[in-house]
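Worksheet: one structure, shown below.
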Amino acid sequence: MTKPDADLFEFLLRMGDTTLILGHRLSEWCGKAPVLEEDIALANTALDLIGQTQMWLGLAGEVEGKGRTADDLAMLRDAWDFRCALLVQQPNGDFAQTIMRQFLFDHWHLDALCKLAHHSNDQVAAIAAKASKEVTYHAERSADLVIRLGDGTEESHSRMQAALDLLYPFVGELFTFSVEDLRPDYDAKVEAILTEATLTIPDSRFAHLGGLSGTRHSEHLGHLLSQMQWLQRAYPGDTW
């Protein structure tokens, strides 16, 4: 590949791997969410993200030019080859942790997609424009839940604050992906919502994770992939 193609391939892996891993994380809630409405909503969000993965990794396979499909890239790479954000690799934890992870990701994701909808590559722009329609709903829903739970009972507020303290340090890495100029708008939007939710951003809000920003996988990713890929690994090339 030429350098521009290699850079585009890397970018497409970052987008596709990130939506893939978060989609899989959310799918782990199927049948386990606190109420039926949330069970269905989380499953639908997971399906949206997996659909976006199909587009990002499908285009990555075309750009690479080695005949690999989206399924090949998703199921036949090892953890160290994945480019997903550390935020989405974090375990679901309790419901508060899952919703806070989704909220912090959604607002970056929506802003990034809106910018990418004007990308010079027509295929990237088309994927971003299509995905942004789904992610608009994701961002609205997660913001509403953060406000309701953060400004809810003493118990729900405590859990949401603990989730924010745990996950906010991972936000900085998102802006090393491609669109760092989105950070000021992101900070303003997220801080306004968290203020309405009566939640306090931890002091780590200005950290960009230093050396971690270049880390492609965490200890959680290997375990997750062993679950996600086991059937394809056990029966390589089989069809159903």
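Simple scheme: letters A, B, ... for chains in structure tokens order, numbers from 1 for residues in each chain, numbers from 1 for ligands in the order shown.
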Per residue of region 40-76 of chain A within 12 Å of region 105-118 of chain A, record the nearest atom pair and its distance in Å to one decimal, counting only C-alpha atoms, with rows in chain order and ascending residue number, as CSV.
```
residue,atom,partner,partner_atom,distance
A:Thr45,CA,A:Asp106,CA,10.8
A:Leu49,CA,A:His109,CA,11.0
A:Gln52,CA,A:Leu113,CA,11.3
```
Next, the residues of the selection above should be written as a PDB file, in the first residue's frame with C-alpha atoms.
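File written: out.pdb
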```
ATOM      1  CA  THR A  45     -27.479   0.036  20.033  1.00  0.00           C
ATOM      2  CA  LEU A  49     -22.583  -0.463  16.099  1.00  0.00           C
ATOM      3  CA  GLN A  52     -21.242   0.308  11.321  1.00  0.00           C
TER       4      GLN A  52
END
```
- Neighbour list for Trp29 (chain A) as a list in words, cut-off 12 Å, only C-alpha atoms, skip fewer than 2 positions in-chain: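 The contact residues come out as Leu22, Gly23, His24, Arg25, Leu26, Ser27, Gly31, Lys32, Ala33, Pro34, Val35, Leu36, Glu38, Asp39, Ile40, Ala41, Leu42, Ala43, Asn44, Thr45, Ala46, Pro91, Asn92, Gly93, Asp94, Phe95, Thr98 and Ile99 of chain A.
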- Item | Near-Leu20 (chain A) list (12 Å; only C-alpha atoms; drop same-chain fewer than 2 positions) as a PyMOL selection string | chain A and resi 12-18+22-27+45-57+70-71+73-75+82-85+88-89+221+224-225+228
Selected residues written out, C-alpha atoms, as a PDB file, in the first residue's frame:
```
ATOM      1  CA  LEU A  12     -10.639   2.518   9.150  1.00  0.00           C
ATOM      2  CA  LEU A  13      -9.423  -0.175  11.539  1.00  0.00           C
ATOM      3  CA  ARG A  14      -9.603   2.290  14.415  1.00  0.00           C
ATOM      4  CA  MET A  15     -13.194   3.190  13.628  1.00  0.00           C
ATOM      5  CA  GLY A  16     -14.311  -0.366  12.870  1.00  0.00           C
ATOM      6  CA  ASP A  17     -12.523  -2.012  15.776  1.00  0.00           C
ATOM      7  CA  THR A  18     -13.924   0.554  18.196  1.00  0.00           C
ATOM      8  CA  LEU A  22     -18.299  -1.618  22.038  1.00  0.00           C
ATOM      9  CA  GLY A  23     -21.069  -3.415  20.166  1.00  0.00           C
ATOM     10  CA  HIS A  24     -19.896  -6.722  21.628  1.00  0.00           C
ATOM     11  CA  ARG A  25     -19.673  -5.238  25.111  1.00  0.00           C
ATOM     12  CA  LEU A  26     -23.262  -3.985  24.896  1.00  0.00           C
ATOM     13  CA  SER A  27     -24.476  -7.326  23.572  1.00  0.00           C
ATOM     14  CA  THR A  45     -27.479   0.036  20.033  1.00  0.00           C
ATOM     15  CA  ALA A  46     -25.177  -2.975  19.801  1.00  0.00           C
ATOM     16  CA  LEU A  47     -26.735  -3.931  16.457  1.00  0.00           C
ATOM     17  CA  ASP A  48     -26.256  -0.390  15.148  1.00  0.00           C
ATOM     18  CA  LEU A  49     -22.583  -0.463  16.099  1.00  0.00           C
ATOM     19  CA  ILE A  50     -22.004  -3.899  14.551  1.00  0.00           C
ATOM     20  CA  GLY A  51     -23.631  -2.644  11.355  1.00  0.00           C
ATOM     21  CA  GLN A  52     -21.242   0.308  11.321  1.00  0.00           C
ATOM     22  CA  THR A  53     -18.360  -2.104  11.905  1.00  0.00           C
ATOM     23  CA  GLN A  54     -19.355  -4.007   8.777  1.00  0.00           C
ATOM     24  CA  MET A  55     -19.029  -0.800   6.744  1.00  0.00           C
ATOM     25  CA  TRP A  56     -15.752   0.423   8.274  1.00  0.00           C
ATOM     26  CA  LEU A  57     -13.974  -2.939   8.158  1.00  0.00           C
ATOM     27  CA  ALA A  70     -14.917  -7.438   7.233  1.00  0.00           C
ATOM     28  CA  ASP A  71     -15.465 -10.832   8.896  1.00  0.00           C
ATOM     29  CA  LEU A  73     -10.625  -8.559   9.954  1.00  0.00           C
ATOM     30  CA  ALA A  74     -13.025  -8.929  12.868  1.00  0.00           C
ATOM     31  CA  MET A  75     -12.536 -12.615  13.615  1.00  0.00           C
ATOM     32  CA  PHE A  82      -6.750  -4.296  17.105  1.00  0.00           C
ATOM     33  CA  ARG A  83      -6.876  -0.495  17.093  1.00  0.00           C
ATOM     34  CA  CYS A  84      -9.932   0.132  19.269  1.00  0.00           C
ATOM     35  CA  ALA A  85     -10.109   2.860  21.887  1.00  0.00           C
ATOM     36  CA  VAL A  88     -14.733   0.769  24.819  1.00  0.00           C
ATOM     37  CA  GLN A  89     -12.617  -2.135  26.058  1.00  0.00           C
ATOM     38  CA  LEU A 221      -9.391  -7.064  25.144  1.00  0.00           C
ATOM     39  CA  LEU A 224     -13.183 -10.393  25.207  1.00  0.00           C
ATOM     40  CA  LEU A 225     -11.799 -11.581  21.872  1.00  0.00           C
ATOM     41  CA  MET A 228     -16.091 -13.286  20.474  1.00  0.00           C
TER      42      MET A 228
END
```
- Message: From a backbone DSSP assignment, name each residue in region 68-124 of chain A labelled alpha helix (DSSP H), as number ranges by chain.
- Response: A: 70-75, 86-89, 95-116, 122-124
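Picture a line from CA of Pro169 (chain A) to CA of His157 (chain A); it runs 19.2 Å.
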- What does the distance from CA of Leu164 (chain A) to CA of Glu140 (chain A) come to in Å, to one decimal? 17.8 Å
- Point-to-point distance from CA of Ser132 (chain A) to CA of Arg101 (chain A), Å rounded to tenths: 18.4 Å
